[in-house]
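Structure file input.csv (CSV, C-alpha atoms) follows.
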chain,number,residue,atom,x,y,z
A,1,MET,CA,31.3,25.3,-103.8
A,2,LYS,CA,34.8,26.8,-104.1
A,3,LYS,CA,33.4,30.2,-103.2
A,4,ILE,CA,31.8,28.8,-100.0
A,5,ILE,CA,35.0,27.1,-98.9
A,6,SER,CA,37.0,30.2,-99.7
A,7,CYS,CA,34.6,32.4,-97.7
A,8,LEU,CA,34.8,30.0,-94.7
A,9,VAL,CA,38.6,29.9,-94.8
A,10,PHE,CA,38.8,33.7,-94.9
A,11,ALA,CA,36.2,33.9,-92.1
A,12,LEU,CA,38.3,31.6,-89.9
A,13,VAL,CA,41.7,33.3,-90.5
A,14,PRO,CA,41.1,36.1,-88.0
A,15,PHE,CA,40.1,33.6,-85.2
A,16,VAL,CA,43.2,31.5,-85.8
A,17,ALA,CA,45.4,34.6,-85.8
A,18,MET,CA,43.8,35.8,-82.5
A,19,ALA,CA,44.4,32.4,-80.9
A,20,ALA,CA,48.1,32.5,-81.9
A,21,ASP,CA,48.4,36.0,-80.4
A,22,ASN,CA,46.7,35.1,-77.2
A,23,PRO,CA,48.3,32.0,-75.6
A,24,PRO,CA,46.4,30.4,-72.7
A,25,ALA,CA,46.4,32.5,-69.5
A,26,PRO,CA,49.0,31.3,-67.0
A,27,VAL,CA,47.7,29.6,-63.9
A,28,PRO,CA,47.9,32.1,-61.0
A,29,ARG,CA,50.2,31.2,-58.2
A,30,VAL,CA,49.0,31.6,-54.6
A,31,SER,CA,51.0,34.1,-52.6
A,32,ILE,CA,51.4,33.2,-49.0
A,33,PHE,CA,51.6,36.0,-46.5
A,34,SER,CA,52.3,35.6,-42.8
A,35,THR,CA,49.2,35.4,-40.8
A,36,THR,CA,51.0,36.5,-37.7
A,37,THR,CA,49.3,39.3,-35.9
A,38,ASP,CA,50.1,41.3,-32.8
A,39,TRP,CA,49.3,38.4,-30.5
A,40,ALA,CA,50.4,40.3,-27.5
A,41,ALA,CA,47.8,42.9,-28.1
A,42,LEU,CA,45.1,40.4,-29.0
A,43,THR,CA,45.6,38.0,-26.1
A,44,GLY,CA,46.9,40.4,-23.5
A,45,LEU,CA,49.9,38.1,-23.0
A,46,PRO,CA,53.5,39.3,-23.5
A,47,LEU,CA,55.5,37.7,-26.3
A,48,ARG,CA,58.8,36.0,-25.4
A,49,GLN,CA,61.6,34.4,-27.3
A,50,PHE,CA,62.1,30.6,-27.0
A,51,THR,CA,64.9,28.5,-28.5
A,52,GLY,CA,64.9,24.9,-29.4
A,53,ASP,CA,67.4,22.3,-28.2
A,54,PHE,CA,67.2,19.1,-30.2
A,55,LYS,CA,68.1,15.6,-29.0
A,56,TRP,CA,68.5,12.9,-31.6
A,57,SER,CA,70.3,9.7,-32.6
A,58,ASN,CA,71.6,8.6,-36.0
A,59,ALA,CA,68.6,6.3,-36.3
A,60,ASP,CA,66.2,9.3,-35.9
A,61,VAL,CA,67.7,11.3,-38.8
A,62,GLY,CA,69.6,8.9,-41.1
A,63,ARG,CA,72.1,10.8,-43.3
A,64,GLY,CA,70.4,14.0,-42.3
A,65,MET,CA,67.1,15.7,-41.9
A,66,VAL,CA,66.1,19.2,-43.0
A,67,MET,CA,63.2,20.6,-41.1
A,68,TYR,CA,61.3,23.9,-41.3
A,69,TYR,CA,59.2,25.1,-38.4
A,70,LEU,CA,55.5,25.5,-39.2
A,71,ASP,CA,54.0,28.5,-37.5
A,72,ALA,CA,51.1,27.7,-35.1
A,73,PHE,CA,49.6,29.3,-32.1
A,74,PRO,CA,51.0,30.0,-29.6
A,75,CYS,CA,54.2,30.6,-31.6
A,76,TYR,CA,55.6,31.9,-34.8
A,77,GLY,CA,59.2,31.3,-36.1
A,78,GLU,CA,61.7,34.1,-36.5
A,79,ALA,CA,62.4,34.3,-40.2
A,80,ASP,CA,66.1,33.6,-40.1
A,81,SER,CA,65.8,30.6,-37.7
A,82,VAL,CA,63.1,28.2,-38.9
A,83,ARG,CA,65.4,25.9,-41.0
A,84,ILE,CA,67.2,23.3,-39.0
A,85,TRP,CA,69.4,20.5,-40.3
A,86,LEU,CA,70.1,17.5,-38.0
A,87,GLY,CA,72.7,15.0,-39.1
A,88,PRO,CA,74.6,12.0,-38.0
A,89,ASN,CA,77.0,12.1,-35.1
A,90,ARG,CA,75.3,15.2,-33.5
A,91,GLN,CA,76.1,17.5,-36.4
A,92,SER,CA,73.6,20.3,-37.0
A,93,THR,CA,73.1,23.7,-38.6
A,94,GLY,CA,70.6,26.3,-37.7
A,95,LYS,CA,69.0,27.3,-34.4
A,96,LEU,CA,65.3,27.3,-33.8
A,97,ARG,CA,64.1,30.6,-32.4
A,98,LEU,CA,60.4,31.1,-31.8
A,99,VAL,CA,58.3,34.0,-30.5
A,100,CYS,CA,55.5,32.8,-28.3
A,101,VAL,CA,52.8,34.0,-25.9
A,102,HIS,CA,53.6,30.9,-23.8
A,103,ALA,CA,55.8,27.8,-24.1
A,104,PRO,CA,54.3,25.3,-26.6
A,105,THR,CA,53.7,21.7,-25.7
A,106,GLU,CA,53.9,20.5,-29.3
A,107,ILE,CA,55.4,22.0,-32.5
A,108,SER,CA,55.3,20.9,-36.1
A,109,PHE,CA,57.9,20.9,-38.9
A,110,THR,CA,57.8,20.0,-42.5
A,111,TRP,CA,60.7,17.7,-43.2
A,112,ARG,CA,62.7,15.6,-45.7
A,113,ASN,CA,65.9,13.5,-45.5
A,114,ALA,CA,68.8,15.4,-47.0
A,115,THR,CA,72.5,16.2,-46.5
A,116,ARG,CA,73.6,19.4,-44.7
A,117,ASP,CA,73.9,21.7,-47.7
A,118,ALA,CA,71.0,20.5,-49.7
A,119,ASP,CA,69.1,23.2,-51.4
A,120,GLN,CA,65.5,24.0,-50.4
A,121,ALA,CA,63.3,21.4,-52.2
A,122,GLN,CA,60.0,19.8,-51.7
A,123,SER,CA,59.6,18.3,-48.3
A,124,THR,CA,58.1,15.0,-47.4
A,125,GLY,CA,55.4,15.8,-44.9
A,126,ILE,CA,54.6,16.9,-41.3
A,127,LEU,CA,56.6,15.9,-38.3
A,128,LYS,CA,54.9,16.6,-34.9
A,129,CYS,CA,57.1,16.8,-31.8
A,130,PRO,CA,56.3,17.1,-28.2
A,131,VAL,CA,58.1,19.9,-26.4
A,132,THR,CA,59.2,20.4,-22.8
A,133,GLY,CA,60.9,23.2,-21.0
A,134,GLU,CA,60.6,26.9,-20.5
A,135,TYR,CA,62.5,29.4,-22.8
A,136,GLU,CA,64.9,26.6,-23.8
A,137,LEU,CA,62.6,24.1,-25.5
A,138,ASN,CA,63.6,20.5,-25.4
A,139,ILE,CA,62.7,18.5,-28.5
A,140,ASP,CA,63.5,14.7,-28.4
A,141,MET,CA,63.4,13.5,-32.0
A,142,SER,CA,62.7,9.9,-31.0
A,143,LYS,CA,59.4,11.1,-29.6
A,144,CYS,CA,58.3,12.9,-32.8
A,145,THR,CA,55.6,11.3,-34.9
A,146,ARG,CA,55.5,11.6,-38.7
A,147,GLY,CA,52.2,12.6,-40.2
A,148,PRO,CA,51.1,11.6,-43.7
A,149,ASP,CA,53.3,12.5,-46.7
A,150,TRP,CA,52.1,15.5,-48.6
A,151,LYS,CA,50.7,13.4,-51.4
A,152,GLU,CA,48.4,11.7,-48.8
A,153,TYR,CA,47.6,14.9,-46.9
A,154,ARG,CA,44.0,16.1,-46.8

Go ahead and express the file in the form of structure tokens.
Amino acid sequence: MKKIISCLVFALVPFVAMAADNPPAPVPRVSIFSTTTDWAALTGLPLRQFTGDFKWSNADVGRGMVMYYLDAFPCYGEADSVRIWLGPNRQSTGKLRLVCVHAPTEISFTWRNATRDADQAQSTGILKCPVTGEYELNIDMSKCTRGPDWKEYR
């Protein structure tokens, strides 16, 4: 009996050693690349630059709201100008600049409540805002609607 147990132990040692040398494989992270394309070439419409002009009250943003523009046809955001912070008493940082084939009628942001210099962190959900204007887009925060929080999003 001792010989059988000894043989089994020695037979299992290589498998235990292999398991210790090979930790579980890490879960791969998805890498997101821009899906923007040469829309001017595909649509035959010229691209133009648009800027966002926000209107808000303290009730709309609380102690502050950080928003990131979510790319969607007919526009994509210029990389250095998609983060906007709107705060109390008409304080703000950032300037929304979009490149579009025509003026949008609605744009979406991911958002969260935060102070001005808060680091990038997980956002709350989607904010959809109607837009008016040509080239200088008018975005009235009191008319925006909040979509579901990310944990409820499907």

Subject >> Computed interatomic separation between atom CA of Tyr76 of chain A and atom CA of Arg97 of chain A (Å) >> reply: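 Taking atom CA of Tyr76 of chain A as the start and atom CA of Arg97 of chain A as the end point, the length is 8.9 Å.
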
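For the atom pair formed by atom CA of Gly94 of chain A and atom CA of Trp150 of chain A, the distance is 24.0 Å, given to one decimal.
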
**OP:** Mind giving me the straight-line distance from atom CA of Leu42 of chain A to atom CA of Ser108 of chain A in Å, one decimal?
**Re:** 23.1 Å

Subject >> Among the residues A:Arg83, A:Lys143, A:Lys151, A:His102, the one that comes closest to Gly125 of chain A [using all atoms listed in the file] >> reply: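 Closest to Gly125 of chain A of all the choices is A:Lys151.
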
**OP:** Between A:Asp149, A:Glu78, A:Ala40, A:Trp85, single out the one closest to Asp119 of chain A, counting all atoms listed in the file.
**Re:** A:Trp85

May I have the residues within 7 Å of segment 52-58 of chain A as a JSON list (two decimals) with C-alpha atoms, in the coordinates of the input, using only C-alpha atoms and disregarding those fewer than 2 positions away in the same chain?
[["chain", "number", "residue", "atom", "x", "y", "z"],
["A", 50, "PHE", "CA", 62.10, 30.60, -27.00],
["A", 60, "ASP", "CA", 66.20, 9.30, -35.90],
["A", 61, "VAL", "CA", 67.70, 11.30, -38.80],
["A", 62, "GLY", "CA", 69.60, 8.90, -41.10],
["A", 88, "PRO", "CA", 74.60, 12.00, -38.00],
["A", 89, "ASN", "CA", 77.00, 12.10, -35.10],
["A", 95, "LYS", "CA", 69.00, 27.30, -34.40],
["A", 96, "LEU", "CA", 65.30, 27.30, -33.80],
["A", 97, "ARG", "CA", 64.10, 30.60, -32.40],
["A", 136, "GLU", "CA", 64.90, 26.60, -23.80],
["A", 137, "LEU", "CA", 62.60, 24.10, -25.50],
["A", 138, "ASN", "CA", 63.60, 20.50, -25.40],
["A", 139, "ILE", "CA", 62.70, 18.50, -28.50],
["A", 140, "ASP", "CA", 63.50, 14.70, -28.40],
["A", 141, "MET", "CA", 63.40, 13.50, -32.00],
["A", 142, "SER", "CA", 62.70, 9.90, -31.00]]

**OP:** Kindly indicate which residue among A:Cys144, A:Leu98, A:Met67, A:Leu86 lies nearest to Gln120 of chain A, using all atoms listed in the file for the distances.
**Re:**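 Using all atoms listed in the file, Gln120 of chain A sits closest to A:Met67.
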
Original post:
When distances are computed from only C-alpha atoms, which of A:Thr110, A:Thr115, A:Thr124, A:Thr145 shows the smallest separation from Leu70 of chain A?
Top reply: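 The answer is A:Thr110, which sits nearest to Leu70 of chain A.
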
**OP:** Find the residues around Pro104 of chain A up to 10 Å (all atoms listed in the file counted), leave out those fewer than 5 positions away in its own chain, and share them as a PyMOL selection string.
**Re:** chain A and resi 50+72-75+98+130-135+137

Write out the residues from the selection above, keeping C-alpha atoms, as a compact mmCIF listing (two decimals), keeping the file's coordinate frame.
# COMPACT_ATOMS: atom_id res chain seq x y z
CA PHE A 50 62.10 30.60 -27.00
CA ALA A 72 51.10 27.70 -35.10
CA PHE A 73 49.60 29.30 -32.10
CA PRO A 74 51.00 30.00 -29.60
CA CYS A 75 54.20 30.60 -31.60
CA LEU A 98 60.40 31.10 -31.80
CA PRO A 130 56.30 17.10 -28.20
CA VAL A 131 58.10 19.90 -26.40
CA THR A 132 59.20 20.40 -22.80
CA GLY A 133 60.90 23.20 -21.00
CA GLU A 134 60.60 26.90 -20.50
CA TYR A 135 62.50 29.40 -22.80
CA LEU A 137 62.60 24.10 -25.50
